[in-house]
Amino acid sequence: MRILFSSTPAHGHLLPQLPLARAFRERGDDVVFLTAGELTPLLAREGFEVLPAGPAIDVLMAEAARRTGADPKGEPTPDVVAEFFAGARVDLTADEALVAARDWRPELIVSEPCDFVGPLAAADLEVPVATVAFGPALPPEFIEPMDAVAAVRYAERGLTPRPAAHYLDTCPPAMQQDGWQPPSGRLPLRPEPHGQRGQRPSEPAVAPVDADRRPPRVLVTFGTVFSAPEVLSPILRELSQTDMELRVTLGLSASAEDFDVDHDRVTFVGFTPLSELLRDTDLVVTHGGAGTTLGTLAAGVPMVIAPQGADQFIQADRVAAAGAGLGLPPGTATPEGVAKAASAVLADQGFRAAARMVADQIAAMPAPSEVAATLAAEHAPAA
């Protein structure tokens, strides 16, 4: 079977798709990714071919900001989000994407909730779409404007949006929005921390050792888009005043020297699979990207979330509702507020117990291999 994965050119949108892509490949299916060429090195390390289409994320952000007068990263209002994902990205990517998809001829397209390029190709080729959720469902006030903008772009090309045949739901029950109703075609899909391959997510490869006789080990990761040194340095300085071992991810372009901190008290690491970083971690302090959030909870590690933009306020709210950590409301994610929240979570074992409960829910969800087999059974062409 030929499966095309399509994604917004951002790590947080792409990485949650990798476990399912690997599962299809291990079945012997042909798998390619349709996204910006800048992600080719990452996907090449995973052994996947890329059909490059459209500009990189920074170009898309700049174009959406030019059109709306607002920063899509820091001011994620529904209209700005819709222009970024369904307007600017489709306008700057669709022509290349359609040529590539027509040439490759997929039999199934796997997309993500904010990607409107893959579904455009599916409408053009009349093939089914499966949508991989990357966290709790986005609220209607964001989905509806994106759908409306996308419908205009489809109509300009003589196409009509096709409903997804499947909604592959990576969100465990404890994290789902209150009152959420599962859509037609929902299939649960177990999320995995990036880098994990086949290991039960509720069983970290190396459990914390002598946790009661050493300083707590805290991972600080603000992803690849929101990890600016000027944002993180004040937080790290405040955290380093406490009795914690701090390990900090650098994002894609920063170096340790860019951070104004006591380097004897902070260890920096380059881009590293989350599954490796979680092996001996007692707490994760993060911006609340969906992949980081679900990957951390899959390992049963509690969290402090200091949201910076995008859908991170949703993750913060749902983690707090599940009791698996603290989410800092707008105006409280100061360096002092983050440090206070980190100390509170570490001091209360109830947060870890709740995180382990969420991990158990995740472990009970169907593995990517099971979901790949289900999709193939339904959509593989007749022999």
# chains A, B, ... in the order shown; residues from 1 in each chain; ligands from 1
$ residues_around --residues "range 12-24 of chain A" --least-positions-apart "2" --cutoff "6 Å" --atoms "only C-alpha atoms" --output "compact mmCIF listing (two decimals) with N, CA and C atoms, in the first residue's frame"
# COMPACT_ATOMS: atom_id res chain seq x y z
N SER A 7 2.31 17.09 6.52
CA SER A 7 2.40 17.82 7.78
C SER A 7 2.79 19.27 7.56
N ALA A 10 6.62 21.81 10.92
CA ALA A 10 7.02 22.11 12.29
C ALA A 10 7.15 20.79 13.05
N GLU A 26 7.09 -0.91 8.57
CA GLU A 26 7.42 -2.25 9.06
C GLU A 26 6.48 -3.31 8.50
N ARG A 27 5.28 -2.90 8.07
CA ARG A 27 4.36 -3.82 7.40
C ARG A 27 4.80 -4.11 5.96
N ASP A 29 4.72 -1.47 3.67
CA ASP A 29 4.07 -0.47 2.84
C ASP A 29 5.07 0.59 2.39
N GLY A 291 3.12 17.31 21.54
CA GLY A 291 3.97 16.13 21.51
C GLY A 291 4.77 15.97 22.78
N PRO A 368 0.61 1.74 17.43
CA PRO A 368 0.62 2.14 16.02
C PRO A 368 0.54 0.96 15.06
N SER A 369 1.16 -0.15 15.40
CA SER A 369 1.10 -1.32 14.51
C SER A 369 -0.33 -1.82 14.35
N ALA A 372 -2.18 0.75 12.11
CA ALA A 372 -1.75 0.61 10.71
C ALA A 372 -2.43 -0.59 10.07
$ residues_around --residues "Phe142 in chain A" --least-positions-apart "5" --cutoff "8 Å" --atoms "only C-alpha atoms" --output "list in words"
Pro78, Asp79, Val81 and Ala82 of chain A
$ residues_around --residues "range 326-332 of chain A" --least-positions-apart "4" --cutoff "10 Å" --atoms "only C-alpha atoms" --output "ChimeraX atom specification"
/A:285-288,302-308,312-322,336-338,341-342,344-345,351
$ closest_residue --among "A:Leu125, A:Leu159, A:Ala363, A:Leu138" --to "Gln176 in chain A" --atoms "only C-alpha atoms"
A:Leu138
$ residues_around --residues "range 374-376 of chain A" --least-positions-apart "3" --cutoff "10 Å" --atoms "only C-alpha atoms" --output "PyMOL selection string"
chain A and resi 1-3+24+27+29+107-108+130+165-166+187+368-371+379-381
$ residues_around --residues "Asp262 in chain A" --least-positions-apart "5" --cutoff "9 Å" --atoms "only C-alpha atoms" --output "list in words"
Leu236, Arg237 and Ser240 of chain A
$ write_last_selection --atoms "C-alpha atoms" --output "PDB file, in the first residue's frame"
ATOM      1  CA  LEU A 236      16.651  28.943  34.377  1.00  0.00           C
ATOM      2  CA  ARG A 237      18.295  31.463  36.699  1.00  0.00           C
ATOM      3  CA  SER A 240      18.982  27.142  39.507  1.00  0.00           C
TER       4      SER A 240
END
$ select_by_dssp --residues "range 63-286 of chain A" --states "strand (DSSP E)" --output "number ranges by chain"
A: 108-111, 129-132, 166-169, 186-188, 217-221, 245-249, 266-269, 283-286
$ residues_around --residues "range 42-54 of chain A" --least-positions-apart "2" --cutoff "8 Å" --atoms "only C-alpha atoms" --output "ChimeraX atom specification"
/A:31-37,39-40,56,89,92-94,96-97,100
$ write_last_selection --atoms "C-alpha atoms" --output "PDB file, in the first residue's frame"
ATOM      1  CA  VAL A  31       5.683   5.597   2.899  1.00  0.00           C
ATOM      2  CA  VAL A  32       6.686   9.165   1.998  1.00  0.00           C
ATOM      3  CA  PHE A  33       6.288  12.544   3.697  1.00  0.00           C
ATOM      4  CA  LEU A  34       4.968  15.690   2.040  1.00  0.00           C
ATOM      5  CA  THR A  35       6.282  18.784   3.828  1.00  0.00           C
ATOM      6  CA  ALA A  36       8.853  21.564   3.506  1.00  0.00           C
ATOM      7  CA  GLY A  37      12.307  20.517   2.383  1.00  0.00           C
ATOM      8  CA  LEU A  39      12.646  18.755   7.403  1.00  0.00           C
ATOM      9  CA  THR A  40      14.386  16.375   5.000  1.00  0.00           C
ATOM     10  CA  ALA A  56       9.804  26.649   5.831  1.00  0.00           C
ATOM     11  CA  ARG A  89       0.403  27.787   3.888  1.00  0.00           C
ATOM     12  CA  LEU A  92       2.489  29.008  -0.816  1.00  0.00           C
ATOM     13  CA  THR A  93       2.513  25.199  -0.860  1.00  0.00           C
ATOM     14  CA  ALA A  94      -0.444  23.801  -2.794  1.00  0.00           C
ATOM     15  CA  GLU A  96       4.113  22.064  -5.542  1.00  0.00           C
ATOM     16  CA  ALA A  97       2.244  19.650  -3.310  1.00  0.00           C
ATOM     17  CA  ALA A 100       4.229  15.830  -6.129  1.00  0.00           C
TER      18      ALA A 100
END
$ residues_around --residues "Asp243 in chain A" --least-positions-apart "3" --cutoff "12 Å" --atoms "only C-alpha atoms" --output "PyMOL selection string"
chain A and resi 214-218+238-240+246+265-266+339+342-343+346
$ closest_residue --among "A:Asp147, A:Asp58, A:Glu112, A:Glu245" --to "Asp280 in chain A" --atoms "only C-alpha atoms"
A:Glu245
$ select_by_dssp --residues "range 2-227 of chain A" --states "alpha helix (DSSP H)" --output "compact mmCIF listing (two decimals) with N, CA and C atoms, in the first residue's frame"
# COMPACT_ATOMS: atom_id res chain seq x y z
N HIS A 11 8.19 20.69 13.89
CA HIS A 11 8.44 19.44 14.59
C HIS A 11 7.24 18.98 15.40
N GLY A 12 6.55 19.93 16.05
CA GLY A 12 5.44 19.56 16.90
C GLY A 12 4.27 18.95 16.14
N HIS A 13 4.17 19.26 14.85
CA HIS A 13 3.11 18.69 14.03
C HIS A 13 3.56 17.39 13.35
N LEU A 14 4.85 17.30 13.06
CA LEU A 14 5.38 16.16 12.32
C LEU A 14 5.68 14.95 13.22
N LEU A 18 5.25 10.10 13.33
CA LEU A 18 6.31 9.14 13.02
C LEU A 18 6.02 7.72 13.49
N PRO A 19 5.46 7.50 14.70
CA PRO A 19 5.21 6.10 15.09
C PRO A 19 4.30 5.36 14.12
N LEU A 20 3.27 6.01 13.61
CA LEU A 20 2.39 5.35 12.65
C LEU A 20 3.10 5.15 11.32
N ALA A 21 3.91 6.12 10.90
CA ALA A 21 4.66 5.96 9.66
C ALA A 21 5.61 4.77 9.76
N ARG A 22 6.29 4.62 10.90
CA ARG A 22 7.18 3.47 11.08
C ARG A 22 6.38 2.17 11.02
N ALA A 23 5.20 2.18 11.63
CA ALA A 23 4.39 0.96 11.66
C ALA A 23 3.99 0.54 10.25
N PHE A 24 3.62 1.49 9.41
CA PHE A 24 3.30 1.16 8.02
C PHE A 24 4.53 0.61 7.31
N ARG A 25 5.66 1.26 7.51
CA ARG A 25 6.89 0.80 6.84
C ARG A 25 7.25 -0.61 7.27
N GLU A 26 7.09 -0.91 8.57
CA GLU A 26 7.42 -2.25 9.06
C GLU A 26 6.48 -3.31 8.50
N ARG A 27 5.28 -2.90 8.07
CA ARG A 27 4.36 -3.82 7.40
C ARG A 27 4.80 -4.11 5.96
N THR A 40 13.81 17.56 5.63
CA THR A 40 14.39 16.38 5.00
C THR A 40 15.47 15.72 5.86
N PRO A 41 16.41 16.47 6.47
CA PRO A 41 17.43 15.80 7.28
C PRO A 41 16.84 15.00 8.44
N LEU A 42 15.84 15.55 9.12
CA LEU A 42 15.20 14.83 10.22
C LEU A 42 14.56 13.54 9.72
N LEU A 43 13.82 13.62 8.64
CA LEU A 43 13.13 12.44 8.13
C LEU A 43 14.09 11.46 7.49
N ALA A 44 15.18 11.95 6.92
CA ALA A 44 16.18 11.05 6.35
C ALA A 44 16.82 10.19 7.45
N ARG A 45 17.02 10.78 8.63
CA ARG A 45 17.56 9.98 9.75
C ARG A 45 16.61 8.86 10.14
N ILE A 57 8.83 27.01 8.01
CA ILE A 57 7.89 27.58 8.97
C ILE A 57 8.10 29.07 9.18
N ASP A 58 9.37 29.54 9.15
CA ASP A 58 9.59 30.96 9.41
C ASP A 58 9.04 31.83 8.27
N VAL A 59 9.12 31.33 7.05
CA VAL A 59 8.56 32.07 5.91
C VAL A 59 7.04 32.14 6.02
N LEU A 60 6.43 31.02 6.41
CA LEU A 60 4.98 31.00 6.56
C LEU A 60 4.53 31.94 7.66
N MET A 61 5.25 31.97 8.78
CA MET A 61 4.89 32.87 9.87
C MET A 61 5.00 34.33 9.43
N ALA A 62 6.07 34.64 8.71
CA ALA A 62 6.25 36.01 8.26
C ALA A 62 5.13 36.42 7.30
N GLU A 63 4.72 35.52 6.42
CA GLU A 63 3.65 35.85 5.48
C GLU A 63 2.32 36.01 6.19
N ALA A 64 2.02 35.13 7.14
CA ALA A 64 0.77 35.27 7.90
C ALA A 64 0.77 36.56 8.71
N ALA A 65 1.93 36.91 9.29
CA ALA A 65 2.02 38.16 10.04
C ALA A 65 1.82 39.37 9.13
N ARG A 66 2.38 39.30 7.91
CA ARG A 66 2.20 40.40 6.95
C ARG A 66 0.72 40.57 6.60
N ARG A 67 0.02 39.46 6.43
CA ARG A 67 -1.38 39.52 6.02
C ARG A 67 -2.31 39.96 7.14
N THR A 68 -1.99 39.57 8.37
CA THR A 68 -2.91 39.82 9.48
C THR A 68 -2.47 40.95 10.40
N PRO A 78 -8.17 33.00 16.63
CA PRO A 78 -8.71 32.12 15.58
C PRO A 78 -8.47 32.61 14.17
N ASP A 79 -8.63 33.91 13.92
CA ASP A 79 -8.45 34.42 12.56
C ASP A 79 -6.99 34.34 12.12
N VAL A 80 -6.07 34.63 13.02
CA VAL A 80 -4.64 34.56 12.68
C VAL A 80 -4.23 33.12 12.44
N VAL A 81 -4.69 32.22 13.28
CA VAL A 81 -4.38 30.80 13.12
C VAL A 81 -4.92 30.29 11.77
N ALA A 82 -6.14 30.69 11.44
CA ALA A 82 -6.74 30.26 10.18
C ALA A 82 -5.94 30.76 8.98
N ARG A 89 -0.29 29.04 4.20
CA ARG A 89 0.40 27.79 3.89
C ARG A 89 -0.14 27.15 2.62
N VAL A 90 -1.46 27.12 2.46
CA VAL A 90 -2.01 26.54 1.24
C VAL A 90 -1.59 27.36 0.03
N ASP A 91 -1.66 28.68 0.13
CA ASP A 91 -1.29 29.53 -1.00
C ASP A 91 0.15 29.29 -1.46
N LEU A 92 1.06 29.11 -0.49
CA LEU A 92 2.49 29.01 -0.82
C LEU A 92 2.97 27.57 -1.02
N THR A 93 2.09 26.60 -0.82
CA THR A 93 2.51 25.20 -0.86
C THR A 93 1.72 24.36 -1.84
N ALA A 94 0.47 24.70 -2.09
CA ALA A 94 -0.44 23.80 -2.79
C ALA A 94 0.04 23.39 -4.18
N ASP A 95 0.55 24.31 -4.97
CA ASP A 95 0.91 23.96 -6.35
C ASP A 95 2.00 22.89 -6.38
N GLU A 96 3.06 23.08 -5.60
CA GLU A 96 4.11 22.06 -5.54
C GLU A 96 3.58 20.75 -4.98
N ALA A 97 2.75 20.85 -3.96
CA ALA A 97 2.24 19.65 -3.31
C ALA A 97 1.37 18.82 -4.25
N LEU A 98 0.52 19.48 -5.01
CA LEU A 98 -0.36 18.75 -5.92
C LEU A 98 0.44 18.03 -7.01
N VAL A 99 1.45 18.68 -7.53
CA VAL A 99 2.29 18.04 -8.54
C VAL A 99 2.97 16.80 -7.95
N ALA A 100 3.53 16.95 -6.76
CA ALA A 100 4.23 15.83 -6.13
C ALA A 100 3.29 14.67 -5.81
N ALA A 101 2.11 14.99 -5.28
CA ALA A 101 1.16 13.94 -4.91
C ALA A 101 0.61 13.23 -6.15
N ARG A 102 0.33 13.98 -7.20
CA ARG A 102 -0.16 13.35 -8.43
C ARG A 102 0.88 12.40 -9.01
N ASP A 103 2.13 12.78 -8.90
CA ASP A 103 3.20 11.94 -9.45
C ASP A 103 3.38 10.68 -8.61
N TRP A 104 3.25 10.81 -7.27
CA TRP A 104 3.51 9.65 -6.39
C TRP A 104 2.31 8.71 -6.30
N VAL A 117 -2.97 20.90 3.35
CA VAL A 117 -2.35 20.58 2.07
C VAL A 117 -2.56 19.11 1.72
N GLY A 118 -2.32 18.21 2.68
CA GLY A 118 -2.58 16.80 2.43
C GLY A 118 -4.03 16.53 2.06
N PRO A 119 -5.01 17.05 2.82
CA PRO A 119 -6.40 16.87 2.44
C PRO A 119 -6.75 17.48 1.08
N LEU A 120 -6.07 18.58 0.70
CA LEU A 120 -6.28 19.15 -0.63
C LEU A 120 -5.85 18.14 -1.70
N ALA A 121 -4.70 17.51 -1.49
CA ALA A 121 -4.25 16.49 -2.44
C ALA A 121 -5.20 15.30 -2.45
N ALA A 122 -5.74 14.95 -1.30
CA ALA A 122 -6.69 13.84 -1.23
C ALA A 122 -7.96 14.14 -2.01
N ALA A 123 -8.42 15.39 -1.92
CA ALA A 123 -9.60 15.78 -2.69
C ALA A 123 -9.31 15.74 -4.19
N ASP A 124 -8.11 16.16 -4.56
CA ASP A 124 -7.72 16.17 -5.97
C ASP A 124 -7.60 14.75 -6.52
N LEU A 125 -7.05 13.83 -5.71
CA LEU A 125 -6.81 12.46 -6.17
C LEU A 125 -7.94 11.51 -5.82
N PRO A 140 -13.93 24.31 18.71
CA PRO A 140 -14.58 24.75 17.46
C PRO A 140 -14.23 26.16 17.05
N GLU A 141 -13.97 27.05 18.03
CA GLU A 141 -13.67 28.44 17.64
C GLU A 141 -12.37 28.55 16.84
N PHE A 142 -11.52 27.52 16.85
CA PHE A 142 -10.34 27.49 16.00
C PHE A 142 -10.57 26.65 14.75
N ILE A 143 -11.25 25.52 14.89
CA ILE A 143 -11.46 24.63 13.76
C ILE A 143 -12.33 25.27 12.69
N GLU A 144 -13.40 25.92 13.10
CA GLU A 144 -14.35 26.45 12.11
C GLU A 144 -13.74 27.54 11.22
N PRO A 145 -13.00 28.53 11.76
CA PRO A 145 -12.37 29.50 10.86
C PRO A 145 -11.35 28.87 9.91
N MET A 146 -10.57 27.88 10.40
CA MET A 146 -9.63 27.22 9.51
C MET A 146 -10.36 26.51 8.38
N ASP A 147 -11.43 25.79 8.71
CA ASP A 147 -12.19 25.08 7.67
C ASP A 147 -12.77 26.06 6.66
N ALA A 148 -13.23 27.21 7.14
CA ALA A 148 -13.83 28.19 6.22
C ALA A 148 -12.79 28.75 5.25
N VAL A 149 -11.61 29.10 5.77
CA VAL A 149 -10.55 29.62 4.90
C VAL A 149 -10.10 28.55 3.92
N ALA A 150 -9.96 27.31 4.40
CA ALA A 150 -9.53 26.21 3.53
C ALA A 150 -10.54 25.98 2.42
N ALA A 151 -11.83 26.06 2.74
CA ALA A 151 -12.86 25.81 1.72
C ALA A 151 -12.74 26.78 0.55
N VAL A 152 -12.36 28.03 0.83
CA VAL A 152 -12.15 29.01 -0.23
C VAL A 152 -10.98 28.59 -1.11
N ARG A 153 -9.89 28.15 -0.49
CA ARG A 153 -8.72 27.73 -1.27
C ARG A 153 -9.03 26.50 -2.12
N TYR A 154 -9.80 25.59 -1.58
CA TYR A 154 -10.18 24.40 -2.36
C TYR A 154 -11.05 24.82 -3.55
N ALA A 155 -12.02 25.70 -3.29
CA ALA A 155 -12.93 26.12 -4.35
C ALA A 155 -12.17 26.81 -5.48
N GLU A 156 -11.13 27.56 -5.15
CA GLU A 156 -10.32 28.22 -6.17
C GLU A 156 -9.68 27.22 -7.12
$ atom_distance --atom1 "CA of Ala333 in chain A" --atom2 "CA of Val284 in chain A"
14.8 Å
$ closest_residue --among "A:Ala256, A:Ala174, A:Leu250, A:Ala70" --to "Leu297 in chain A" --atoms "only C-alpha atoms"
A:Ala174
